[in-house]
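Peer 1: Dropping in query.pdb, which is PDB, C-alpha atoms:
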```
ATOM      1  CA  MET U   1     -12.181  -3.188   6.912  1.00  0.00           C
ATOM      2  CA  LYS U   2      -9.100  -4.996   5.576  1.00  0.00           C
ATOM      3  CA  LYS U   3      -8.273  -5.678   1.948  1.00  0.00           C
ATOM      4  CA  THR U   4      -5.349  -7.432   0.299  1.00  0.00           C
ATOM      5  CA  TYR U   5      -3.821  -6.286  -2.979  1.00  0.00           C
ATOM      6  CA  LYS U   6      -1.292  -7.822  -5.334  1.00  0.00           C
ATOM      7  CA  ILE U   7       1.792  -5.632  -5.700  1.00  0.00           C
ATOM      8  CA  GLU U   8       4.838  -5.499  -7.897  1.00  0.00           C
ATOM      9  CA  VAL U   9       8.027  -4.374  -6.170  1.00  0.00           C
ATOM     10  CA  ASP U  10      11.678  -5.166  -6.905  1.00  0.00           C
ATOM     11  CA  CYS U  11      13.327  -5.552  -3.491  1.00  0.00           C
ATOM     12  CA  ALA U  12      12.597  -6.017   0.202  1.00  0.00           C
ATOM     13  CA  ASN U  13      13.892  -2.542   1.060  1.00  0.00           C
ATOM     14  CA  CYS U  14      11.515  -0.996  -1.464  1.00  0.00           C
ATOM     15  CA  ALA U  15       8.666  -3.055   0.015  1.00  0.00           C
ATOM     16  CA  ASN U  16       9.447  -1.591   3.453  1.00  0.00           C
ATOM     17  CA  LYS U  17       9.368   1.924   1.992  1.00  0.00           C
ATOM     18  CA  MET U  18       6.018   1.183   0.345  1.00  0.00           C
ATOM     19  CA  GLU U  19       4.653  -0.101   3.659  1.00  0.00           C
ATOM     20  CA  GLU U  20       5.651   3.118   5.426  1.00  0.00           C
ATOM     21  CA  ALA U  21       4.202   5.253   2.631  1.00  0.00           C
ATOM     22  CA  ALA U  22       0.916   3.339   2.854  1.00  0.00           C
ATOM     23  CA  LYS U  23       0.785   3.680   6.655  1.00  0.00           C
ATOM     24  CA  ASN U  24       1.238   7.439   6.339  1.00  0.00           C
ATOM     25  CA  THR U  25      -1.687   7.840   3.935  1.00  0.00           C
ATOM     26  CA  ALA U  26      -4.858   9.477   5.242  1.00  0.00           C
ATOM     27  CA  GLY U  27      -7.607   6.892   5.750  1.00  0.00           C
ATOM     28  CA  VAL U  28      -5.218   3.997   6.389  1.00  0.00           C
ATOM     29  CA  LYS U  29      -5.299   2.517   9.874  1.00  0.00           C
ATOM     30  CA  ASP U  30      -2.507  -0.011   9.210  1.00  0.00           C
ATOM     31  CA  ALA U  31      -0.672  -1.552   6.273  1.00  0.00           C
ATOM     32  CA  VAL U  32       1.601  -4.565   5.855  1.00  0.00           C
ATOM     33  CA  VAL U  33       3.646  -5.397   2.761  1.00  0.00           C
ATOM     34  CA  ASN U  34       4.887  -8.966   2.336  1.00  0.00           C
ATOM     35  CA  PHE U  35       7.730  -8.986  -0.185  1.00  0.00           C
ATOM     36  CA  MET U  36       7.827 -12.794  -0.407  1.00  0.00           C
ATOM     37  CA  THR U  37       4.184 -13.115  -1.467  1.00  0.00           C
ATOM     38  CA  LEU U  38       4.024  -9.719  -3.237  1.00  0.00           C
ATOM     39  CA  ARG U  39       0.904  -8.741  -1.292  1.00  0.00           C
ATOM     40  CA  MET U  40      -0.125  -5.600   0.555  1.00  0.00           C
ATOM     41  CA  THR U  41      -2.770  -5.809   3.260  1.00  0.00           C
ATOM     42  CA  VAL U  42      -4.405  -2.504   4.122  1.00  0.00           C
ATOM     43  CA  GLU U  43      -6.721  -1.846   7.045  1.00  0.00           C
ATOM     44  CA  PHE U  44      -8.879   1.208   6.417  1.00  0.00           C
ATOM     45  CA  GLU U  45     -10.203   3.626   9.001  1.00  0.00           C
ATOM     46  CA  ASP U  46     -13.937   3.414   9.660  1.00  0.00           C
ATOM     47  CA  GLY U  47     -16.120   5.106   7.057  1.00  0.00           C
ATOM     48  CA  MET U  48     -13.363   5.518   4.458  1.00  0.00           C
ATOM     49  CA  ASP U  49     -13.859   4.625   0.796  1.00  0.00           C
ATOM     50  CA  ALA U  50     -11.261   1.933   0.030  1.00  0.00           C
ATOM     51  CA  LYS U  51     -10.978   2.793  -3.674  1.00  0.00           C
ATOM     52  CA  SER U  52     -10.227   6.484  -3.170  1.00  0.00           C
ATOM     53  CA  VAL U  53      -7.818   5.789  -0.290  1.00  0.00           C
ATOM     54  CA  MET U  54      -5.954   3.228  -2.411  1.00  0.00           C
ATOM     55  CA  GLN U  55      -5.509   5.812  -5.179  1.00  0.00           C
ATOM     56  CA  ASP U  56      -3.691   7.967  -2.600  1.00  0.00           C
ATOM     57  CA  VAL U  57      -1.713   4.963  -1.340  1.00  0.00           C
ATOM     58  CA  LEU U  58      -0.532   4.260  -4.894  1.00  0.00           C
ATOM     59  CA  LYS U  59       0.505   7.907  -5.377  1.00  0.00           C
ATOM     60  CA  ASN U  60       2.472   7.866  -2.102  1.00  0.00           C
ATOM     61  CA  CYS U  61       4.128   4.551  -2.917  1.00  0.00           C
ATOM     62  CA  LYS U  62       5.182   5.826  -6.344  1.00  0.00           C
ATOM     63  CA  LYS U  63       6.927   8.756  -4.615  1.00  0.00           C
ATOM     64  CA  VAL U  64       9.299   6.330  -2.880  1.00  0.00           C
ATOM     65  CA  GLU U  65       9.456   3.644  -5.584  1.00  0.00           C
ATOM     66  CA  ASP U  66       8.376   5.015  -8.953  1.00  0.00           C
ATOM     67  CA  ASP U  67       8.180   1.661 -10.750  1.00  0.00           C
ATOM     68  CA  CYS U  68       6.076  -0.113  -8.095  1.00  0.00           C
ATOM     69  CA  GLU U  69       2.559  -1.228  -8.937  1.00  0.00           C
ATOM     70  CA  ILE U  70      -0.508  -1.999  -6.843  1.00  0.00           C
ATOM     71  CA  TYR U  71      -3.244  -3.911  -8.624  1.00  0.00           C
ATOM     72  CA  LEU U  72      -6.504  -2.392  -7.419  1.00  0.00           C
TER
END
```
Go ahead and render the structure in this file as structure tokens.
Peer 2:
Amino acid sequence: MKKTYKIEVDCANCANKMEEAAKNTAGVKDAVVNFMTLRMTVEFEDGMDAKSVMQDVLKNCKKVEDDCEIYL
């Protein structure tokens, strides 16, 4: 299952860091952050609850960019 979320991030480098943090989150199969459109597309592993996984994604993203925001 894939879902797209609106994000708030200040620079392209930070967006790349957020993408890597999302990809390294348990339950995420793949993630792509588009800085130009301020969107994050996340593909979840089968059987995972998207809401709980996205809470972990947000925590991991805030570790690399503390003022980022993902609108769930």
Peer 1: One decimal, Å: what's the distance from atom CA of U:Asp30 over to atom CA of U:Cys11, could you say?
Peer 2: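 About the pair atom CA of U:Asp30 and atom CA of U:Cys11: they are 21.0 Å apart.
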Peer 1: Find the residue from U:Glu8, U:Gly27, U:Lys51, U:Lys59 that sits nearest to U:Leu72; use only C-alpha atoms when measuring.
Peer 2: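 When distances to U:Leu72 are compared using only C-alpha atoms, the smallest one comes from U:Lys51.
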Peer 1: Looking at all atoms listed in the file, which of U:Glu45, U:Asp56, U:Asp66, U:Asp10 is the one that sits closest to U:Val28?
Peer 2: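 Among the listed residues, U:Glu45 lies closest to U:Val28.
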Peer 1: If the PyMOL selection byres ((chain U and resi 65) around 9) were run on this exact file, what residues would it hold? Put them as a list of chain:residue names.
Peer 2: U:Val9, U:Cys14, U:Ala15, U:Lys17, U:Met18, U:Asn60, U:Cys61, U:Lys62, U:Lys63, U:Val64, U:Asp66, U:Asp67, U:Cys68
Peer 1: Write out as a PyMOL selection string each polymer residue whose atoms come within 7 Å of U:Leu38, counting only C-alpha atoms; drop sequence neighbours fewer than 4 positions from it.
Peer 2: chain U and resi 6-8+34
Peer 1: Using Å and a single decimal, report how far atom CA of U:Ala26 sits from atom CA of U:Ser52.
Peer 2: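 Between atom CA of U:Ser52 and atom CA of U:Ala26 the gap is 10.4 Å.
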Peer 1: So how many Å separate atom CA of U:Asp49 and atom CA of U:Ala21, to one decimal?
Peer 2: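 Atom CA of U:Ala21 lies 18.2 Å from atom CA of U:Asp49.
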Peer 1: What residues come out when you apply the PyMOL selection byres ((chain U and resi 5) around 6) to this file, written as a PyMOL selection string?
Peer 2: chain U and resi 4+6+39-40
Peer 1: Tell me, as number ranges by chain, which residues lie within 7 Å of U:Thr41, counting all atoms listed in the file; anything in the same chain fewer than 3 positions away does not count.
Peer 2: U: 2-5, 31-33
